[in-house]
file input.cif (mmCIF, C-alpha atoms and all ligand atoms)
data_work
loop_
_atom_site.label_atom_id
_atom_site.label_comp_id
_atom_site.auth_asym_id
_atom_site.auth_seq_id
_atom_site.Cartn_x
_atom_site.Cartn_y
_atom_site.Cartn_z
CA MET E 148 -67.61 29.46 -65.27
CA ARG E 149 -64.67 28.36 -67.39
CA TYR E 150 -62.69 31.34 -66.11
CA THR E 151 -63.41 30.29 -62.55
CA MET E 152 -62.39 26.72 -63.30
CA ALA E 153 -59.12 27.79 -64.91
CA LEU E 154 -58.29 30.07 -62.03
CA SER E 155 -59.06 27.30 -59.57
CA LEU E 156 -56.84 24.99 -61.57
CA ALA E 157 -54.03 27.52 -61.47
CA LEU E 158 -54.36 27.91 -57.73
CA LEU E 159 -54.45 24.14 -57.26
CA VAL E 160 -51.31 23.71 -59.35
CA SER E 161 -49.63 26.45 -57.33
CA LEU E 162 -50.55 24.77 -54.08
CA VAL E 163 -49.35 21.38 -55.26
CA PHE E 164 -46.00 22.85 -56.27
CA ALA E 165 -45.81 24.80 -53.04
CA GLU E 166 -46.56 21.70 -50.97
CA THR E 167 -43.91 19.73 -52.86
CA ALA E 168 -41.34 22.42 -52.21
CA THR E 169 -42.07 22.89 -48.52
CA ALA E 170 -42.73 19.25 -47.67
CA LYS E 171 -39.33 18.09 -48.91
CA LYS E 172 -38.28 15.77 -46.14
CA ALA E 173 -34.94 15.25 -44.57
CA PRO E 174 -33.06 12.59 -46.55
CA ALA E 175 -33.13 10.34 -43.52
CA GLU E 176 -36.09 11.61 -41.57
CA GLU E 177 -36.37 10.19 -38.07
CA GLN E 178 -33.03 8.41 -38.48
CA VAL E 179 -30.49 10.44 -36.56
CA LEU E 180 -27.04 8.90 -36.77
CA ASN E 181 -25.00 8.64 -33.59
CA ILE E 182 -21.39 9.34 -34.60
CA GLY E 183 -18.81 8.56 -31.95
CA HIS E 184 -16.36 11.49 -32.13
CA ARG E 185 -12.85 10.00 -31.99
CA GLY E 186 -14.72 7.05 -30.48
CA ALA E 187 -16.13 8.16 -27.17
CA ALA E 188 -13.58 10.93 -26.59
CA GLY E 189 -15.36 12.32 -23.54
CA LEU E 190 -15.05 9.02 -21.72
CA ALA E 191 -11.82 7.37 -22.92
CA PRO E 192 -8.58 8.39 -24.66
CA GLU E 193 -9.48 9.49 -28.19
CA HIS E 194 -8.79 7.22 -31.17
CA THR E 195 -7.79 4.22 -29.04
CA THR E 196 -9.28 0.75 -28.97
CA ALA E 197 -10.72 1.66 -25.55
CA SER E 198 -12.48 4.68 -27.03
CA TYR E 199 -13.82 2.87 -30.10
CA ASP E 200 -14.93 -0.17 -28.07
CA LEU E 201 -16.76 2.04 -25.61
CA ALA E 202 -18.42 4.12 -28.33
CA LEU E 203 -19.85 1.03 -29.99
CA GLU E 204 -20.91 -0.40 -26.65
CA LEU E 205 -22.70 2.85 -25.77
CA GLY E 206 -24.74 3.05 -28.96
CA ALA E 207 -22.60 4.82 -31.56
CA ASP E 208 -23.62 3.98 -35.13
CA TYR E 209 -20.24 5.14 -36.44
CA ILE E 210 -16.74 5.46 -35.00
CA GLU E 211 -14.75 8.41 -36.31
CA GLN E 212 -11.12 8.35 -37.48
CA ASP E 213 -8.92 11.42 -38.03
CA LEU E 214 -6.20 10.42 -40.46
CA ARG E 215 -2.55 11.43 -40.40
CA MET E 216 0.31 9.98 -42.40
CA THR E 217 3.66 9.02 -40.91
CA LYS E 218 7.02 9.88 -42.47
CA ASP E 219 7.17 6.37 -43.90
CA GLY E 220 3.73 6.55 -45.48
CA VAL E 221 1.49 4.75 -42.97
CA LEU E 222 -1.98 6.07 -42.18
CA VAL E 223 -2.51 6.44 -38.44
CA VAL E 224 -5.51 7.68 -36.49
CA ILE E 225 -4.73 10.78 -34.47
CA HIS E 226 -6.40 14.18 -34.54
CA ASP E 227 -3.63 16.71 -34.01
CA GLU E 228 -0.86 17.48 -36.44
CA ASP E 229 1.59 17.25 -33.52
CA LEU E 230 1.98 14.42 -31.03
CA ASP E 231 2.41 16.71 -28.03
CA ARG E 232 -1.13 16.98 -26.64
CA THR E 233 -2.14 13.35 -26.65
CA THR E 234 1.06 11.34 -26.33
CA ARG E 235 3.68 10.66 -23.69
CA GLY E 236 7.01 8.92 -24.24
CA PRO E 237 10.51 9.66 -25.52
CA ALA E 238 10.55 13.30 -26.66
CA LYS E 239 12.46 12.37 -29.82
CA ASN E 240 9.62 10.11 -30.88
CA CYS E 241 6.57 11.62 -29.19
CA THR E 242 6.74 15.39 -29.76
CA GLY E 243 6.38 17.37 -32.97
CA PRO E 244 4.54 16.56 -36.20
CA VAL E 245 3.32 13.04 -36.90
CA SER E 246 4.56 13.49 -40.45
CA ASP E 247 8.16 13.77 -39.16
CA LYS E 248 8.07 10.37 -37.41
CA THR E 249 8.21 6.83 -38.66
CA LEU E 250 5.59 4.35 -37.56
CA ALA E 251 8.22 2.61 -35.42
CA GLN E 252 8.85 5.87 -33.56
CA ILE E 253 5.15 6.59 -33.12
CA LYS E 254 4.54 3.12 -31.75
CA THR E 255 6.79 3.97 -28.78
CA CYS E 256 4.31 6.64 -27.64
CA ASP E 257 1.63 6.21 -24.98
CA VAL E 258 -1.65 7.76 -26.13
CA GLY E 259 -3.72 6.91 -23.04
CA SER E 260 -1.95 8.56 -20.09
CA PHE E 261 -2.77 12.12 -21.15
CA PHE E 262 -6.44 11.26 -20.69
CA ASN E 263 -5.92 9.99 -17.14
CA GLU E 264 -4.01 13.17 -16.29
CA ARG E 265 -6.62 15.46 -17.82
CA TYR E 266 -9.83 13.67 -16.84
CA PRO E 267 -9.22 12.01 -13.46
CA GLU E 268 -12.96 11.33 -13.05
CA TYR E 269 -12.88 9.03 -16.07
CA ALA E 270 -9.30 7.72 -15.60
CA ARG E 271 -8.62 3.98 -15.83
CA ASP E 272 -5.32 2.19 -15.21
CA LYS E 273 -5.84 0.23 -18.43
CA TYR E 274 -5.64 3.42 -20.50
CA ALA E 275 -1.98 3.96 -19.65
CA GLY E 276 0.26 2.57 -22.36
CA LEU E 277 -2.32 2.44 -25.14
CA LYS E 278 -0.79 2.86 -28.59
CA ILE E 279 -1.65 4.99 -31.60
CA LEU E 280 -3.49 2.79 -34.10
CA THR E 281 -2.86 2.51 -37.79
CA LEU E 282 -5.97 2.67 -39.97
CA GLU E 283 -5.22 -0.89 -41.02
CA GLU E 284 -5.27 -2.03 -37.39
CA VAL E 285 -8.66 -0.34 -36.99
CA PHE E 286 -10.07 -2.09 -40.06
CA LYS E 287 -8.63 -5.43 -38.88
CA ARG E 288 -10.04 -5.11 -35.37
CA TYR E 289 -13.53 -3.82 -36.20
CA GLY E 290 -14.03 -5.44 -39.60
CA PRO E 291 -16.55 -4.70 -42.33
CA GLN E 292 -19.52 -4.93 -39.95
CA THR E 293 -18.61 -1.62 -38.27
CA ASN E 294 -19.44 1.82 -39.68
CA TYR E 295 -16.50 4.20 -40.08
CA TYR E 296 -16.59 7.99 -40.45
CA ILE E 297 -13.12 8.82 -41.73
CA GLU E 298 -11.62 12.31 -41.98
CA THR E 299 -8.77 13.13 -44.34
CA ARG E 300 -6.75 16.03 -43.03
CA SER E 301 -4.62 18.37 -45.10
CA SER E 302 -2.40 21.42 -44.87
CA GLU E 303 -5.14 23.35 -46.63
CA ALA E 304 -7.46 22.83 -43.68
CA PRO E 305 -8.66 25.97 -41.89
CA PRO E 306 -7.15 27.40 -38.69
CA GLY E 307 -7.81 25.17 -35.73
CA ASN E 308 -7.73 22.14 -37.99
CA PRO E 309 -4.18 22.07 -39.37
CA GLY E 310 -3.16 18.99 -41.25
CA VAL E 311 -0.52 17.10 -43.11
CA ASP E 312 0.90 17.97 -46.50
CA ASP E 313 -1.80 17.45 -49.09
CA SER E 314 0.74 15.79 -51.35
CA SER E 315 1.03 12.92 -48.90
CA GLY E 316 -1.09 10.56 -50.98
CA MET E 317 -3.48 10.06 -48.08
CA GLU E 318 -6.56 9.70 -50.26
CA GLU E 319 -4.99 7.08 -52.48
CA GLU E 320 -3.80 5.05 -49.49
CA LEU E 321 -7.22 5.29 -47.85
CA LEU E 322 -8.89 3.88 -50.94
CA ARG E 323 -6.27 1.15 -51.18
CA LEU E 324 -6.97 0.06 -47.60
CA MET E 325 -10.72 0.22 -48.15
CA ASP E 326 -10.26 -2.11 -51.10
CA GLN E 327 -8.00 -4.44 -49.15
CA TYR E 328 -10.55 -4.76 -46.34
CA GLY E 329 -13.61 -5.03 -48.56
CA LEU E 330 -15.07 -1.68 -47.58
CA ARG E 331 -15.41 0.09 -50.91
CA GLU E 332 -18.66 -1.52 -51.99
CA PRO E 333 -20.36 -1.37 -48.54
CA ALA E 334 -19.37 2.28 -48.39
CA ALA E 335 -20.96 3.09 -51.74
CA ASN E 336 -24.09 1.01 -51.26
CA SER E 337 -24.80 1.21 -47.56
CA TRP E 338 -22.76 4.15 -46.29
CA ARG E 339 -20.76 1.73 -44.14
CA VAL E 340 -17.91 4.23 -44.59
CA LEU E 341 -18.48 7.98 -44.81
CA ILE E 342 -15.46 10.08 -45.77
CA GLN E 343 -15.27 13.64 -44.45
CA SER E 344 -12.88 16.56 -44.85
CA PHE E 345 -12.61 20.29 -44.29
CA VAL E 346 -10.69 20.44 -47.56
CA PRO E 347 -12.77 20.36 -50.75
CA ALA E 348 -9.74 19.37 -52.81
CA SER E 349 -9.32 16.20 -50.76
CA LEU E 350 -12.94 15.19 -51.30
CA ALA E 351 -12.77 16.19 -54.95
CA GLU E 352 -9.79 13.88 -55.39
CA ILE E 353 -11.68 10.95 -53.89
CA HIS E 354 -14.79 11.80 -55.89
CA ALA E 355 -12.73 11.82 -59.07
CA GLN E 356 -11.40 8.35 -58.28
CA ASP E 357 -14.75 6.93 -57.21
CA PRO E 358 -17.89 9.07 -57.55
CA ALA E 359 -19.97 6.39 -55.79
CA LEU E 360 -18.31 6.96 -52.41
CA PRO E 361 -20.34 9.01 -49.92
CA LEU E 362 -18.47 12.18 -48.94
CA VAL E 363 -19.22 14.83 -46.34
CA GLN E 364 -17.94 18.39 -46.59
CA LEU E 365 -16.96 19.81 -43.20
CA TYR E 366 -17.12 23.53 -42.43
CA SER E 367 -15.00 25.23 -39.79
CA ALA E 368 -16.58 27.01 -36.84
CA GLU E 369 -15.55 30.30 -38.46
CA GLU E 370 -18.28 29.82 -41.06
CA THR E 371 -21.88 30.87 -40.52
CA SER E 372 -25.20 29.40 -41.59
CA GLU E 373 -25.25 31.89 -44.46
CA THR E 374 -21.72 31.25 -45.73
CA ILE E 375 -22.30 27.50 -45.59
CA GLN E 376 -25.59 27.87 -47.48
CA ALA E 377 -23.74 29.83 -50.14
CA ASP E 378 -21.40 26.86 -50.61
CA LEU E 379 -24.01 24.12 -50.86
CA GLU E 380 -24.24 24.20 -54.63
CA ALA E 381 -20.51 23.52 -54.86
CA ALA E 382 -20.60 20.83 -52.16
CA GLN E 383 -23.54 19.10 -53.80
CA ALA E 384 -21.38 18.36 -56.84
CA TYR E 385 -19.34 15.78 -54.91
CA ALA E 386 -20.80 15.35 -51.42
CA VAL E 387 -23.82 13.60 -49.94
CA GLY E 388 -23.75 15.72 -46.83
CA ILE E 389 -22.29 18.54 -44.80
CA GLY E 390 -20.69 18.73 -41.36
CA PRO E 391 -21.03 22.18 -39.80
CA SER E 392 -20.11 23.25 -36.29
CA GLN E 393 -23.16 22.86 -34.07
CA ASP E 394 -23.32 26.63 -33.45
CA ASP E 395 -23.82 27.30 -37.16
CA VAL E 396 -26.90 25.12 -37.49
CA ASP E 397 -30.27 26.82 -37.82
CA SER E 398 -33.49 25.95 -39.60
CA GLY E 399 -32.37 27.82 -42.72
CA LEU E 400 -29.26 25.69 -43.04
CA VAL E 401 -31.13 22.44 -42.40
CA GLU E 402 -33.77 23.31 -44.99
CA ALA E 403 -31.23 24.48 -47.55
CA ALA E 404 -29.19 21.28 -47.15
CA HIS E 405 -32.26 19.05 -47.37
CA ALA E 406 -33.55 20.93 -50.41
CA ARG E 407 -30.42 19.63 -52.10
CA CYS E 408 -30.74 16.16 -50.56
CA LEU E 409 -27.62 16.81 -48.49
CA VAL E 410 -27.60 15.21 -45.05
CA ILE E 411 -26.40 17.40 -42.21
CA HIS E 412 -24.18 16.02 -39.43
CA PRO E 413 -23.07 18.77 -37.01
CA TYR E 414 -20.08 18.45 -34.66
CA THR E 415 -19.30 18.10 -31.73
CA LEU E 416 -22.11 17.59 -29.23
CA GLU E 417 -21.69 17.05 -25.51
CA GLU E 418 -24.86 18.22 -23.76
CA LYS E 419 -28.22 16.50 -24.12
CA SER E 420 -30.09 19.80 -24.34
CA ASN E 421 -28.06 20.75 -27.42
CA MET E 422 -28.61 17.31 -28.91
CA ARG E 423 -32.37 17.70 -28.46
CA ASP E 424 -32.29 21.13 -30.09
CA LEU E 425 -30.51 19.78 -33.15
CA VAL E 426 -32.84 16.80 -33.42
CA ALA E 427 -35.75 19.25 -33.32
CA LEU E 428 -34.15 21.25 -36.12
CA GLY E 429 -34.10 18.10 -38.24
CA VAL E 430 -30.42 17.16 -38.51
CA ASP E 431 -29.63 13.66 -39.79
CA GLY E 432 -26.90 12.78 -37.32
CA MET E 433 -24.28 14.34 -35.10
CA PHE E 434 -20.77 13.83 -33.80
CA THR E 435 -20.62 13.41 -30.05
CA ASN E 436 -17.98 12.73 -27.42
CA PHE E 437 -20.72 11.02 -25.40
CA PRO E 438 -22.58 8.49 -27.60
CA ASP E 439 -24.44 7.26 -24.51
CA ARG E 440 -26.08 10.65 -24.04
CA LEU E 441 -27.17 10.83 -27.66
CA ASP E 442 -28.43 7.27 -27.47
CA GLU E 443 -30.61 8.29 -24.51
CA VAL E 444 -31.86 11.37 -26.36
CA LEU E 445 -32.78 9.30 -29.41
CA GLY E 446 -34.45 6.64 -27.28
CA GLU E 447 -36.49 4.12 -29.21
CA SER E 448 -35.81 5.77 -32.56
CA ALA E 449 -32.20 4.53 -32.33
CA VAL E 450 -31.60 1.37 -34.34
CA ASP E 451 -28.70 -0.93 -35.13
CA GLY E 452 -25.79 0.98 -36.69
CA ASN E 453 -25.68 -0.94 -39.97
CA LEU E 454 -29.42 -0.58 -40.37
CA ALA E 455 -29.18 3.13 -39.63
CA ALA E 456 -26.39 3.60 -42.19
CA GLY E 457 -28.24 1.59 -44.83
CA ARG E 458 -31.43 3.53 -44.28
CA ALA E 459 -29.54 6.80 -44.56
CA ALA E 460 -28.10 5.69 -47.90
CA GLU E 461 -31.51 4.59 -49.16
CA ALA E 462 -33.15 7.82 -48.04
CA TYR E 463 -30.48 9.83 -49.83
CA ARG E 464 -31.03 7.90 -53.06
CA ALA E 465 -34.80 8.30 -52.72
CA CYS E 466 -34.40 12.03 -52.22
CA GLN E 467 -32.18 12.29 -55.29
CA SER E 468 -34.61 10.26 -57.32
CA GLU E 469 -37.56 12.35 -56.16
CA ALA E 470 -35.68 15.50 -57.04
CA GLY E 471 -35.10 14.12 -60.55
CA GLY E 472 -31.37 13.84 -60.13
CA PRO E 473 -28.98 16.20 -58.53
CA ALA E 474 -29.77 19.61 -57.36
CA ILE E 475 -32.52 21.91 -56.90
CA PRO E 476 -30.72 24.93 -58.33
CA ASN E 477 -29.21 27.59 -56.13
CA THR E 478 -31.64 30.46 -55.70
CA GLY E 479 -29.27 32.56 -53.65
CA GLY E 480 -31.18 31.85 -50.49
CA ILE E 481 -34.59 32.85 -51.91
CA SER E 482 -37.28 30.26 -51.34
CA LEU E 483 -38.17 28.25 -54.43
CA LEU E 484 -41.77 28.43 -53.37
CA ILE E 485 -42.33 31.95 -54.66
CA PRO E 486 -41.06 31.58 -58.26
CA VAL E 487 -42.63 28.15 -58.61
CA ALA E 488 -46.02 29.32 -57.36
CA LEU E 489 -45.89 32.47 -59.49
CA GLY E 490 -44.96 30.47 -62.55
CA ALA E 491 -47.87 28.11 -62.02
CA LEU E 492 -50.22 31.02 -61.42
CA LEU E 493 -49.15 32.76 -64.64
CA LEU E 494 -49.60 29.52 -66.54
CA GLY E 495 -53.10 29.19 -65.14
CA LEU E 496 -53.99 32.78 -65.96
CA GLY E 497 -52.78 32.26 -69.50
CA LEU E 498 -55.02 29.23 -69.80
CA ALA E 499 -57.93 31.19 -68.39
CA ALA E 500 -57.40 34.03 -70.86
CA THR E 501 -57.35 31.59 -73.78
CA MET E 502 -60.56 29.98 -72.62
CA LEU E 503 -62.22 33.37 -72.19
CA ARG E 504 -61.22 34.42 -75.69
CA ARG E 505 -62.68 31.22 -77.09
CA ALA E 506 -65.87 31.73 -75.09
CA ALA E 507 -66.20 35.29 -76.43
CA ARG E 508 -66.00 34.14 -80.09
CA PRO E 509 -69.34 34.15 -81.91
CA PRO E 510 -70.56 30.67 -82.67
CA ARG E 511 -69.74 29.43 -86.15
O1 LIG Y 601 -15.01 15.62 -38.20
C1 LIG Y 601 -16.01 16.22 -37.45
C2 LIG Y 601 -15.32 16.84 -36.32
O2 LIG Y 601 -14.49 15.86 -35.82
C3 LIG Y 601 -14.54 18.01 -36.82
O3 LIG Y 601 -13.78 18.52 -35.83
O4 LIG Y 601 -11.48 19.08 -35.27
O5 LIG Y 601 -12.66 17.23 -34.08
O6 LIG Y 601 -11.91 16.93 -36.41
P1 LIG Y 601 -12.39 17.90 -35.38
CA CA Y 602 -12.69 14.87 -37.08
#

call {"tool": "encode", "arguments": {"input": "input.cif", "output": "structure tokens", "more": "lines below"}}
Ligand code: G3P
Ligand code: CA
result
Amino acid sequence: MRYTMALSLALLVSLVFAETATAKKAPAEEQVLNIGHRGAAGLAPEHTTASYDLALELGADYIEQDLRMTKDGVLVVIHDEDLDRTTRGPAKNCTGPVSDKTLAQIKTCDVGSFFNERYPEYARDKYAGLKILTLEEVFKRYGPQTNYYIETRSSEAPPGNPGVDDSSGMEEELLRLMDQYGLREPAANSWRVLIQSFVPASLAEIHAQDPALPLVQLYSAEETSETIQADLEAAQAYAVGIGPSQDDVDSGLVEAAHARCLVIHPYTLEEKSNMRDLVALGVDGMFTNFPDRLDEVLGESAVDGNLAAGRAAEAYRACQSEAGGPAIPNTGGISLLIPVALGALLLGLGLAATMLRRAARPPR
């Protein structure tokens, strides 16, 4: 009888542990963040006021900024290392690397006309003549009530994502501007600003200066679900989330990220069918060139951007707290369920053996 009870206890303990391991929820379950990639880059010229305005109007919770630094040390929002693809204007000022130009030169460039040339179906006369924005101009225009998803770019970034010299002081200047515009505390508490990078060293530098800031480690499209999973232990040391290419996302990656309380925000979605697939896989947000499409996919589950960001921050903290601090340890891709259940079973069997021995003793 006692043996049966002990064995039952062992099995119960195993099941409880197993349930805890498998039922670990997404840090922000049911709250999928709508991140406007370069604003609403599918509908308006990327990283312009027109693009950011439209993204927010169409339901984006965050507007994204890709940071570059000018020759005279000003942070501007533009994706490419070179000006050639997205700007028109005097060749001396508007071709070649951003880092070779002063802000005064860059301000002579038109960053809207390329869009009208390339996407005539979405062209608008008002896009012609739009200027590259400084990060400060973005903060001034959109204020502390907007959510920003800011990418630091560096020369260490992978192919396809080249960047500026990592000695540019970009991280320090970003933090200075966040302080100046009152964004440091809302970032830490409510994820009003998320900072992303392909370059771990850039995020590590920011983490060293302020470990409370929420950081997201990006992974290039050359990675796979498996290689990203292998890096999660390292990322977890400084990041609250990961940003993989949408093609690298599978259930294994989502589960592995969530097991470490890391949110997962894939890039860059365009089609609703792909958005639905990622929502079904359990991602916590996604970058999209069409925030309106994602807003339609999310339907009634979409909420106000500040509320969404705050809930994501709270869910992350709850996950961390539930996990007893950082990190479920890396098991090299092997489910934690098996060792945990076996451990509990062995403990139970040990208890059962002890009870049996006691039962077999002659009465004193
Ligand atoms: O930052 C997420 C996504 O924007 C990464 O791709 O090259 O558009 O910056 P990219
Ligand atoms: Ca980006």

call {"tool": "closest_residue", "arguments": {"input": "input.cif", "among": "E:Ala449, E:Ala403, E:Met422, E:Val223", "to": "Asp378 (chain E)", "atoms": "only C-alpha atoms"}}
result
E:Ala403

call {"tool": "residues_near_ligand", "arguments": {"input": "input.cif", "ligand": "ligand CA 602 (chain Y)", "cutoff": "9 Å", "atoms": "only C-alpha atoms and all ligand atoms", "output": "PyMOL selection string"}}
result
chain E and resi 184-185+211-214+226+296-300+308+343-344+365+414+434

call {"tool": "closest_residue", "arguments": {"input": "input.cif", "among": "E:Gly206, E:Gly457, E:Gly186, E:Pro244", "to": "ligand LIG 601 (chain Y)", "atoms": "all atoms listed in the file"}}
result
E:Gly186

call {"tool": "atom_distance", "arguments": {"input": "input.cif", "atom1": "CA of Gln393 (chain E)", "atom2": "CA of Pro413 (chain E)"}}
result
5.0 Å

call {"tool": "closest_residue", "arguments": {"input": "input.cif", "among": "E:Lys278, E:Lys287, E:His194, E:Arg323", "to": "Val224 (chain E)", "atoms": "only C-alpha atoms"}}
result
E:His194

call {"tool": "residues_near_point", "arguments": {"input": "input.cif", "point": "(-19.6, 20.5, -33.7)", "cutoff": "12 Å", "atoms": "all atoms listed in the file", "output": "VMD selection string"}}
result
chain E and resid 182 184 365 to 370 389 to 396 411 to 418 421 to 422 425 432 to 436

call {"tool": "residues_near_point", "arguments": {"input": "input.cif", "point": "(-26.5, 2.5, -42.4)", "cutoff": "9 Å", "atoms": "all atoms listed in the file", "output": "NGL selection string"}}
result
:E and (180 or 208 or 294 or 337-339 or 451-461)

call {"tool": "closest_residue", "arguments": {"input": "input.cif", "among": "E:Arg288, E:Leu190, E:Thr249, E:Ser301", "to": "ligand LIG 601 (chain Y)", "atoms": "all atoms listed in the file"}}
result
E:Ser301

call {"tool": "atom_distance", "arguments": {"input": "input.cif", "atom1": "CA of Asn263 (chain E)", "atom2": "CA of Phe437 (chain E)"}}
result
17.0 Å

call {"tool": "closest_residue", "arguments": {"input": "input.cif", "among": "E:Asp357, E:Asp227, E:Glu283, E:Asp200", "to": "ligand LIG 601 (chain Y)", "atoms": "all atoms listed in the file"}}
result
E:Asp227

call {"tool": "residues_around", "arguments": {"input": "input.cif", "residues": "Thr195 (chain E)", "least_positions_apart": "2", "cutoff": "7 Å", "atoms": "only C-alpha atoms", "output": "VMD selection string"}}
result
chain E and resid 192 to 193 197 to 199 277 279 to 280

call {"tool": "atom_distance", "arguments": {"input": "input.cif", "atom1": "CA of Leu201 (chain E)", "atom2": "CA of Tyr266 (chain E)"}}
result
16.1 Å

call {"tool": "closest_residue", "arguments": {"input": "input.cif", "among": "E:Ala187, E:Ala462, E:Ala384, E:Leu222", "to": "ligand LIG 601 (chain Y)", "atoms": "only C-alpha atoms and all ligand atoms"}}
result
E:Ala187

call {"tool": "residues_around", "arguments": {"input": "input.cif", "residues": "Glu319 (chain E)", "least_positions_apart": "4", "cutoff": "10 Å", "atoms": "all atoms listed in the file", "output": "ChimeraX atom specification"}}
result
/E:315,323-325,352-353,356

call {"tool": "residues_around", "arguments": {"input": "input.cif", "residues": "Val426 (chain E)", "least_positions_apart": "6", "cutoff": "10 Å", "atoms": "all atoms listed in the file", "output": "PyMOL selection string"}}
result
chain E and resi 177-179+420+432-433+444-445

call {"tool": "build_atoms", "arguments": {"input": "input.cif", "residues": "region 334-346 of chain E", "atoms": "N, CA and C atoms", "output": "short mmCIF file (atom, residue, chain, number, x, y, z; two decimals), in the coordinates of the input"}}
result
data_model
loop_
_atom_site.label_atom_id
_atom_site.label_comp_id
_atom_site.auth_asym_id
_atom_site.auth_seq_id
_atom_site.Cartn_x
_atom_site.Cartn_y
_atom_site.Cartn_z
N ALA E 334 -19.35 0.83 -48.56
CA ALA E 334 -19.37 2.28 -48.39
C ALA E 334 -20.32 2.90 -49.41
N ALA E 335 -20.15 2.50 -50.66
CA ALA E 335 -20.96 3.09 -51.74
C ALA E 335 -22.43 2.72 -51.60
N ASN E 336 -22.70 1.47 -51.28
CA ASN E 336 -24.09 1.01 -51.26
C ASN E 336 -24.82 1.31 -49.97
N SER E 337 -24.12 1.16 -48.86
CA SER E 337 -24.80 1.21 -47.56
C SER E 337 -24.22 2.24 -46.60
N TRP E 338 -23.36 3.10 -47.12
CA TRP E 338 -22.76 4.15 -46.29
C TRP E 338 -22.07 3.57 -45.07
N ARG E 339 -21.48 2.37 -45.24
CA ARG E 339 -20.76 1.73 -44.14
C ARG E 339 -19.50 2.54 -43.81
N VAL E 340 -19.00 3.28 -44.82
CA VAL E 340 -17.91 4.23 -44.59
C VAL E 340 -18.34 5.57 -45.15
N LEU E 341 -18.29 6.61 -44.33
CA LEU E 341 -18.48 7.98 -44.81
C LEU E 341 -17.11 8.65 -44.72
N ILE E 342 -16.77 9.41 -45.75
CA ILE E 342 -15.46 10.08 -45.77
C ILE E 342 -15.70 11.59 -45.69
N GLN E 343 -15.05 12.22 -44.73
CA GLN E 343 -15.27 13.64 -44.45
C GLN E 343 -13.95 14.41 -44.56
N SER E 344 -14.07 15.71 -44.87
CA SER E 344 -12.88 16.56 -44.85
C SER E 344 -13.30 18.02 -44.82
N PHE E 345 -12.43 18.84 -44.21
CA PHE E 345 -12.61 20.29 -44.29
C PHE E 345 -12.13 20.80 -45.64
N VAL E 346 -11.38 19.98 -46.35
CA VAL E 346 -10.69 20.44 -47.56
C VAL E 346 -11.40 19.93 -48.82
#
